[in-house]
$ cat entry-v5.txt   # compact mmCIF, C-alpha atoms
# COMPACT_ATOMS: atom_id res chain seq x y z
CA MET A 1387 67.92 26.64 89.32
CA ARG A 1388 71.45 27.78 90.04
CA GLU A 1389 71.00 30.90 87.89
CA THR A 1390 67.55 31.54 89.40
CA LEU A 1391 68.92 31.48 92.94
CA GLU A 1392 71.90 33.63 92.02
CA VAL A 1393 69.54 36.35 90.73
CA ILE A 1394 67.37 36.07 93.85
CA ASN A 1395 70.41 36.31 96.14
CA ARG A 1396 71.64 39.36 94.22
CA MET A 1397 68.19 40.93 94.57
CA GLN A 1398 68.42 40.32 98.33
CA ALA A 1399 71.93 41.81 98.50
CA ASP A 1400 70.60 44.86 96.60
CA GLY A 1401 67.95 45.31 99.29
CA VAL A 1402 64.91 44.66 97.09
CA ILE A 1403 63.82 41.73 99.25
CA GLY A 1404 64.62 40.85 102.84
CA GLU A 1405 64.69 37.27 104.07
CA TYR A 1406 63.35 34.64 101.71
CA ALA A 1407 62.60 30.94 101.85
CA ILE A 1408 61.62 28.34 99.27
CA GLY A 1409 58.20 26.75 99.84
CA GLY A 1410 55.76 24.70 97.79
CA ALA A 1411 56.74 21.58 95.88
CA VAL A 1412 60.39 22.60 95.44
CA GLY A 1413 60.65 23.23 99.17
CA ALA A 1414 59.06 19.84 99.86
CA THR A 1415 61.63 18.23 97.59
CA PHE A 1416 64.33 19.19 100.11
CA TYR A 1417 62.79 16.60 102.45
CA LEU A 1418 61.01 14.16 100.11
CA ALA A 1419 61.58 12.24 96.90
CA PRO A 1420 61.28 14.71 93.98
CA ALA A 1421 57.80 15.17 92.47
CA ALA A 1422 57.16 17.04 89.24
CA THR A 1423 56.51 20.75 89.52
CA ALA A 1424 56.73 23.58 87.03
CA ASP A 1425 57.30 26.55 89.32
CA LEU A 1426 59.14 27.87 92.34
CA ASP A 1427 57.20 29.34 95.27
CA LEU A 1428 59.21 31.89 97.17
CA PHE A 1429 58.14 33.48 100.45
CA VAL A 1430 59.79 36.87 100.76
CA THR A 1431 59.78 39.72 103.23
CA LEU A 1432 59.87 43.21 101.77
CA PRO A 1433 62.04 45.81 103.49
CA GLY A 1434 60.08 48.85 104.63
CA GLN A 1435 56.69 47.29 103.90
CA THR A 1436 54.43 46.12 106.69
CA GLY A 1437 50.74 45.35 107.04
CA LEU A 1438 48.40 43.59 104.67
CA LEU A 1439 48.85 45.93 101.73
CA VAL A 1440 52.24 45.15 100.26
CA SER A 1441 53.42 45.79 96.75
CA LEU A 1442 55.52 43.39 94.70
CA SER A 1443 56.26 46.17 92.18
CA PRO A 1444 59.87 46.72 93.34
CA ILE A 1445 60.59 43.01 92.72
CA TYR A 1446 58.98 43.06 89.28
CA GLU A 1447 60.69 46.30 88.26
CA TYR A 1448 64.07 44.97 89.39
CA LEU A 1449 63.64 41.71 87.52
CA ARG A 1450 62.13 43.25 84.37
CA SER A 1451 65.12 45.57 84.11
CA ARG A 1452 67.30 42.44 84.10
CA GLY A 1453 65.41 40.83 81.23
CA CYS A 1454 63.04 38.59 83.19
CA THR A 1455 59.58 38.19 81.70
CA GLU A 1456 56.19 37.80 83.32
CA GLN A 1457 54.06 34.73 82.74
CA ASP A 1458 50.64 34.81 84.43
CA GLU A 1459 51.26 35.09 88.20
CA TYR A 1460 54.92 34.16 87.74
CA ILE A 1461 58.05 35.90 86.65
CA VAL A 1462 60.57 33.76 84.82
CA ILE A 1463 64.06 33.91 86.36
CA GLY A 1464 66.62 31.73 84.60
CA ASP A 1465 64.47 28.84 83.43
CA TRP A 1466 62.13 28.76 86.44
CA PRO A 1467 58.79 30.58 86.71
CA VAL A 1468 58.86 32.08 90.22
CA GLN A 1469 55.88 33.12 92.29
CA PHE A 1470 56.67 35.65 95.01
CA LEU A 1471 54.50 35.30 98.10
CA THR A 1472 54.60 37.69 101.04
CA PRO A 1473 53.87 36.30 104.51
CA ARG A 1474 50.20 37.04 105.16
CA ASN A 1475 50.09 35.84 108.76
CA SER A 1476 52.35 34.98 111.69
CA LEU A 1477 52.65 31.32 110.63
CA HIS A 1478 54.20 32.42 107.34
CA GLU A 1479 56.44 34.94 109.12
CA GLU A 1480 57.72 32.24 111.45
CA ALA A 1481 58.20 29.87 108.49
CA VAL A 1482 60.50 32.40 106.79
CA ALA A 1483 62.32 33.29 110.01
CA GLN A 1484 63.00 29.64 110.89
CA ALA A 1485 63.84 28.40 107.38
CA VAL A 1486 66.72 25.96 106.94
CA ALA A 1487 69.93 27.14 105.25
CA THR A 1488 71.16 24.94 102.42
CA ASN A 1489 72.60 25.32 98.92
CA VAL A 1490 71.97 24.27 95.34
CA GLU A 1491 75.19 23.54 93.47
CA GLY A 1492 77.05 25.77 95.90
CA VAL A 1493 74.59 28.68 95.73
CA PRO A 1494 73.27 29.43 99.23
CA THR A 1495 69.54 29.43 99.78
CA ARG A 1496 66.92 28.75 102.46
CA VAL A 1497 64.03 26.27 102.57
CA ILE A 1498 60.98 26.36 104.82
CA SER A 1499 61.16 23.67 107.52
CA ALA A 1500 59.26 20.42 106.95
CA GLU A 1501 56.92 21.15 109.87
CA HIS A 1502 56.09 24.66 108.61
CA LEU A 1503 55.53 23.32 105.07
CA VAL A 1504 53.05 20.79 106.48
CA ALA A 1505 51.33 23.45 108.62
CA ILE A 1506 51.01 25.80 105.61
CA ALA A 1507 49.67 22.92 103.48
CA LEU A 1508 47.13 22.15 106.21
CA GLU A 1509 46.14 25.82 106.35
CA THR A 1510 45.75 26.02 102.55
CA GLY A 1511 43.82 22.75 102.46
CA ARG A 1512 43.55 21.91 98.74
CA ALA A 1513 43.61 18.28 97.60
CA LYS A 1514 47.24 18.62 96.48
CA ASP A 1515 48.15 20.04 99.88
CA HIS A 1516 46.61 17.03 101.62
CA THR A 1517 48.56 14.73 99.29
CA ARG A 1518 51.77 16.53 100.25
CA ILE A 1519 51.05 16.22 103.98
CA LEU A 1520 50.51 12.48 103.51
CA GLN A 1521 53.85 12.24 101.68
CA PHE A 1522 55.64 13.95 104.58
CA LEU A 1523 54.02 11.58 107.07
CA GLU A 1524 54.52 8.42 105.00
CA GLN A 1525 58.17 9.25 104.36
CA GLN A 1526 58.64 10.13 108.05
CA ALA A 1527 60.09 13.47 107.04
CA VAL A 1528 58.43 15.48 109.77
CA ASP A 1529 59.01 15.87 113.52
CA ARG A 1530 55.52 15.14 114.87
CA ASP A 1531 56.08 16.95 118.19
CA ARG A 1532 57.36 20.10 116.49
CA LEU A 1533 54.44 19.95 114.01
CA LYS A 1534 51.95 19.56 116.88
CA GLY A 1535 53.39 22.67 118.53
CA ILE A 1536 53.03 24.73 115.34
CA VAL A 1537 49.52 23.43 114.67
CA GLU A 1538 48.40 24.36 118.20
CA ARG A 1539 50.18 27.73 118.20
CA TYR A 1540 48.53 28.86 114.97
CA GLY A 1541 44.99 27.63 115.62
CA LEU A 1542 45.11 24.75 113.15
CA SER A 1543 44.09 21.98 115.59
CA ALA A 1544 40.54 21.66 114.24
CA LYS A 1545 41.89 21.36 110.67
CA TRP A 1546 44.45 18.78 111.81
CA ASN A 1547 41.76 16.74 113.58
CA ARG A 1548 39.62 16.76 110.44
CA PHE A 1549 42.65 15.75 108.35
CA GLU A 1550 43.42 12.88 110.76
CA GLN A 1551 39.80 11.70 110.72
CA ARG A 1552 39.67 11.78 106.95
CA PHE A 1553 43.06 10.41 105.94
CA LEU A 1554 44.79 8.77 108.90
CA LYS A 1555 42.00 6.98 110.71
CA GLY A 1556 43.10 3.44 111.55
CA GLN A 1557 46.67 4.03 110.35
CA GLN A 1558 48.24 5.13 113.64
CA MET B 419 57.03 5.10 93.27
CA LYS B 420 58.27 1.94 94.97
CA PRO B 421 59.26 2.49 98.63
CA LYS B 422 62.88 1.46 98.04
CA LEU B 423 63.29 3.87 95.12
CA GLN B 424 61.41 6.56 97.03
CA ALA B 425 63.82 6.24 99.98
CA ARG B 426 66.79 6.38 97.62
CA MET B 427 65.44 9.50 95.90
CA ALA B 428 64.64 11.16 99.24
CA ALA B 429 68.22 10.59 100.38
CA LEU B 430 69.74 12.49 97.42
CA SER B 431 71.27 15.91 98.04
CA PHE B 432 69.08 18.95 97.35
CA SER B 433 71.21 19.77 94.27
CA GLU B 434 70.70 16.26 92.88
CA LYS B 435 66.97 16.39 93.62
CA ILE B 436 66.69 19.74 91.80
CA LYS B 437 68.31 18.14 88.74
CA VAL B 438 65.69 15.36 88.87
CA LEU B 439 62.95 17.99 89.23
CA GLU B 440 64.24 19.84 86.19
CA LYS B 441 64.30 16.65 84.14
CA LEU B 442 60.72 15.81 85.21
CA ARG B 443 59.62 19.36 84.39
CA ASP B 444 61.26 19.34 80.95
CA ARG B 445 59.75 15.92 80.16
CA GLU B 446 56.27 17.15 81.09
CA LYS B 447 56.76 20.26 78.95
CA ALA B 448 57.81 18.09 75.99
CA ILE B 449 54.81 15.80 76.44
CA ALA B 450 52.46 18.78 76.66
CA ALA B 451 53.99 20.35 73.52
CA ALA B 452 53.68 17.05 71.62
CA GLY B 453 50.02 16.83 72.66
CA LEU B 454 49.36 20.35 71.41
CA ARG B 455 51.04 19.58 68.09
CA ARG B 456 48.88 16.49 67.67
CA ASN B 457 45.75 18.49 68.50
CA GLY B 458 46.78 21.11 65.97
CA GLU B 459 47.29 18.61 63.16
CA LYS B 460 44.64 18.42 60.48
CA THR B 461 43.01 15.02 60.24
CA PRO B 462 42.81 13.65 56.70
CA ARG B 463 39.35 13.92 55.15
CA LYS B 464 37.53 10.78 54.24
CA SER B 465 36.82 10.64 50.55

$ encode --input "entry-v5.txt" --output "C-alpha cells"
Amino acid sequence: MRETLEVINRMQADGVIGEYAIGGAVGATFYLAPAATADLDLFVTLPGQTGLLVSLSPIYEYLRSRGCTEQDEYIVIGDWPVQFLTPRNSLHEEAVAQAVATNVEGVPTRVISAEHLVAIALETGRAKDHTRILQFLEQQAVDRDRLKGIVERYGLSAKWNRFEQRFLKGQQ
Amino acid sequence: MKPKLQARMAALSFSEKIKVLEKLRDREKAIAAAGLRRNGEKTPRKS
C-alpha cells in the first residue's frame, strides 16, 4: 500500500489529480476492524474538469507510462488494484473535501469520514453496503448526530428510515 | 469475529490494519488459486 500511495501522491503533485480520498472497504478499515478486500476505491477530483462528463484518460495515461497495468475496471498500482471514482454529486464532493488526513507507514493520505462513508453506503444501497453500515453502528464508529445532518442534507432520510425499519427495528 | 478481538483490531493504527488487510487479501488469492488448480486437475478415469 505504501508504494501505491506514493505513486498516487506523486500523481497529485504532478497535477494529474486534485484532492483525493480513500473510500470503500479500505476507507472503512480506518474506523473498523479490518475486513478482507481486494481493491482500493479512490475518490478523486480532476483539475480543469467539471460537470458530469469527466475523463479518467489523463490518470490512465500517466499510470500506464509508469508501468501500471489495467485489470477490468481497475488499474494496478504497486500491488493494489485501484478504482478511480469521480464525485458524481455534492455528497461525494463534500466527502472528498472533508476527508480525514492520516498516513500509512509515514506516507500521507486522506480517508473519507466515517459519516460520509455511511451516507455513501446508504446511497449505494447494495447488500454489502448495508452490512458495512451495520458494522459502523455496531462498532460505534460513527457520530450519529453528524450522520443525521448529512443524511438530511443530501435527501437520504427516506432511505435511512427504510434501513432503520429493516435492520435496526427493536435494537435502539 | 468475537467482540473483544474486533475491538482490539479496530484499535490498531491504520498502517497496522492495512498490513492485516494485505495478509487477508493474499490468503484469499492463494485459496482462490488453489481452488482453480484443483478444478483444472484431471480426475483419474475409472477402469

$ closest_residue --input "entry-v5.txt" --among "B:Met427, B:Lys447, B:Ala452, B:Lys437" --to "chain A" --atoms "all atoms listed in the file"
B:Met427

$ interface_residues --input "entry-v5.txt" --of "chain B" --to "chain A" --cutoff "8 Å" --atoms "all atoms listed in the file" --output "CSV table (one decimal) with C-alpha atoms, in the frame of the given file"
chain,number,residue,atom,x,y,z
B,424,GLN,CA,61.4,6.6,97.0
B,425,ALA,CA,63.8,6.2,100.0
B,426,ARG,CA,66.8,6.4,97.6
B,427,MET,CA,65.4,9.5,95.9
B,428,ALA,CA,64.6,11.2,99.2
B,429,ALA,CA,68.2,10.6,100.4
B,431,SER,CA,71.3,15.9,98.0
B,432,PHE,CA,69.1,19.0,97.4
B,433,SER,CA,71.2,19.8,94.3
B,435,LYS,CA,67.0,16.4,93.6
B,436,ILE,CA,66.7,19.7,91.8
B,438,VAL,CA,65.7,15.4,88.9
B,439,LEU,CA,63.0,18.0,89.2
B,442,LEU,CA,60.7,15.8,85.2
B,443,ARG,CA,59.6,19.4,84.4

$ residues_near_point --input "entry-v5.txt" --point "(54.7, 25.8, 108.8)" --cutoff "8 Å" --atoms "only C-alpha atoms" --output "NGL selection string"
:A and (1477-1478 or 1480-1481 or 1498-1507 or 1533 or 1536)

$ residues_around --input "entry-v5.txt" --residues "A:Thr1455" --least-positions-apart "3" --cutoff "12 Å" --atoms "only C-alpha atoms" --output "PDB file with C-alpha atoms, keeping the file's coordinate frame"
ATOM      1  CA  TYR A1446      58.980  43.060  89.280  1.00  0.00           C
ATOM      2  CA  GLU A1447      60.690  46.300  88.260  1.00  0.00           C
ATOM      3  CA  TYR A1448      64.070  44.970  89.390  1.00  0.00           C
ATOM      4  CA  LEU A1449      63.640  41.710  87.520  1.00  0.00           C
ATOM      5  CA  ARG A1450      62.130  43.250  84.370  1.00  0.00           C
ATOM      6  CA  SER A1451      65.120  45.570  84.110  1.00  0.00           C
ATOM      7  CA  ARG A1452      67.300  42.440  84.100  1.00  0.00           C
ATOM      8  CA  ASP A1458      50.640  34.810  84.430  1.00  0.00           C
ATOM      9  CA  GLU A1459      51.260  35.090  88.200  1.00  0.00           C
ATOM     10  CA  TYR A1460      54.920  34.160  87.740  1.00  0.00           C
ATOM     11  CA  ILE A1461      58.050  35.900  86.650  1.00  0.00           C
ATOM     12  CA  VAL A1462      60.570  33.760  84.820  1.00  0.00           C
ATOM     13  CA  ILE A1463      64.060  33.910  86.360  1.00  0.00           C
ATOM     14  CA  GLY A1464      66.620  31.730  84.600  1.00  0.00           C
ATOM     15  CA  ASP A1465      64.470  28.840  83.430  1.00  0.00           C
ATOM     16  CA  TRP A1466      62.130  28.760  86.440  1.00  0.00           C
ATOM     17  CA  PRO A1467      58.790  30.580  86.710  1.00  0.00           C
ATOM     18  CA  VAL A1468      58.860  32.080  90.220  1.00  0.00           C
TER      19      VAL A1468
END

$ atom_distance --input "entry-v5.txt" --atom1 "atom CA of A:Thr1390" --atom2 "atom CA of A:Val1402"
15.4 Å

$ residues_around --input "entry-v5.txt" --residues "A:Glu1479" --least-positions-apart "2" --cutoff "12 Å" --atoms "all atoms listed in the file" --output "PyMOL selection string"
chain A and resi 1404-1407+1429-1432+1436+1471-1477+1481-1485+1498+1502+1506+1540

$ axis_aligned_box --input "entry-v5.txt" --around "stretch 1411-1420 of chain A" --padding-each-side "3 Å" --output "AutoDock Vina command-line options"
--center_x 60.5 --center_y 17.7 --center_z 98.2 --size_x 13.6 --size_y 17.0 --size_z 14.5

$ atom_distance --input "entry-v5.txt" --atom1 "atom CA of A:Leu1554" --atom2 "atom CA of A:Phe1522"
12.8 Å

$ atom_distance --input "entry-v5.txt" --atom1 "atom CA of A:Asn1395" --atom2 "atom CA of A:Thr1495"
7.8 Å

$ residues_around --input "entry-v5.txt" --residues "A:Trp1546" --least-positions-apart "5" --cutoff "9 Å" --atoms "all atoms listed in the file" --output "PDB file with C-alpha atoms, in the coordinates of the input"
ATOM      1  CA  ALA A1505      51.330  23.450 108.620  1.00  0.00           C
ATOM      2  CA  LEU A1508      47.130  22.150 106.210  1.00  0.00           C
ATOM      3  CA  VAL A1537      49.520  23.430 114.670  1.00  0.00           C
ATOM      4  CA  GLN A1551      39.800  11.700 110.720  1.00  0.00           C
TER       5      GLN A1551
END

$ build_atoms --input "entry-v5.txt" --residues "stretch 1409-1420 of chain A" --atoms "N, CA and C atoms" --output "PDB file, in the frame of the given file"
ATOM      1  N   GLY A1409      59.322  27.557  99.345  1.00  0.00           N
ATOM      2  CA  GLY A1409      58.200  26.750  99.840  1.00  0.00           C
ATOM      3  C   GLY A1409      57.667  25.872  98.724  1.00  0.00           C
ATOM      4  N   GLY A1410      56.422  25.478  98.839  1.00  0.00           N
ATOM      5  CA  GLY A1410      55.760  24.700  97.790  1.00  0.00           C
ATOM      6  C   GLY A1410      56.441  23.382  97.496  1.00  0.00           C
ATOM      7  N   ALA A1411      56.239  22.906  96.259  1.00  0.00           N
ATOM      8  CA  ALA A1411      56.740  21.580  95.880  1.00  0.00           C
ATOM      9  C   ALA A1411      58.263  21.511  95.860  1.00  0.00           C
ATOM     10  N   VAL A1412      58.907  22.619  95.449  1.00  0.00           N
ATOM     11  CA  VAL A1412      60.390  22.600  95.440  1.00  0.00           C
ATOM     12  C   VAL A1412      60.904  22.542  96.870  1.00  0.00           C
ATOM     13  N   GLY A1413      60.269  23.282  97.761  1.00  0.00           N
ATOM     14  CA  GLY A1413      60.650  23.230  99.170  1.00  0.00           C
ATOM     15  C   GLY A1413      60.459  21.826  99.726  1.00  0.00           C
ATOM     16  N   ALA A1414      59.338  21.201  99.384  1.00  0.00           N
ATOM     17  CA  ALA A1414      59.060  19.840  99.860  1.00  0.00           C
ATOM     18  C   ALA A1414      60.106  18.848  99.362  1.00  0.00           C
ATOM     19  N   THR A1415      60.629  19.123  98.173  1.00  0.00           N
ATOM     20  CA  THR A1415      61.630  18.230  97.590  1.00  0.00           C
ATOM     21  C   THR A1415      62.917  18.177  98.420  1.00  0.00           C
ATOM     22  N   PHE A1416      63.159  19.205  99.215  1.00  0.00           N
ATOM     23  CA  PHE A1416      64.330  19.190 100.110  1.00  0.00           C
ATOM     24  C   PHE A1416      64.241  18.005 101.074  1.00  0.00           C
ATOM     25  N   TYR A1417      63.005  17.644 101.435  1.00  0.00           N
ATOM     26  CA  TYR A1417      62.790  16.600 102.450  1.00  0.00           C
ATOM     27  C   TYR A1417      62.311  15.273 101.858  1.00  0.00           C
ATOM     28  N   LEU A1418      61.680  15.334 100.674  1.00  0.00           N
ATOM     29  CA  LEU A1418      61.010  14.160 100.110  1.00  0.00           C
ATOM     30  C   LEU A1418      61.651  13.752  98.788  1.00  0.00           C
ATOM     31  N   ALA A1419      61.185  12.628  98.262  1.00  0.00           N
ATOM     32  CA  ALA A1419      61.580  12.240  96.900  1.00  0.00           C
ATOM     33  C   ALA A1419      61.013  13.295  95.939  1.00  0.00           C
ATOM     34  N   PRO A1420      61.753  13.655  94.894  1.00  0.00           N
ATOM     35  CA  PRO A1420      61.280  14.710  93.980  1.00  0.00           C
ATOM     36  C   PRO A1420      59.951  14.353  93.295  1.00  0.00           C
TER      37      PRO A1420
END
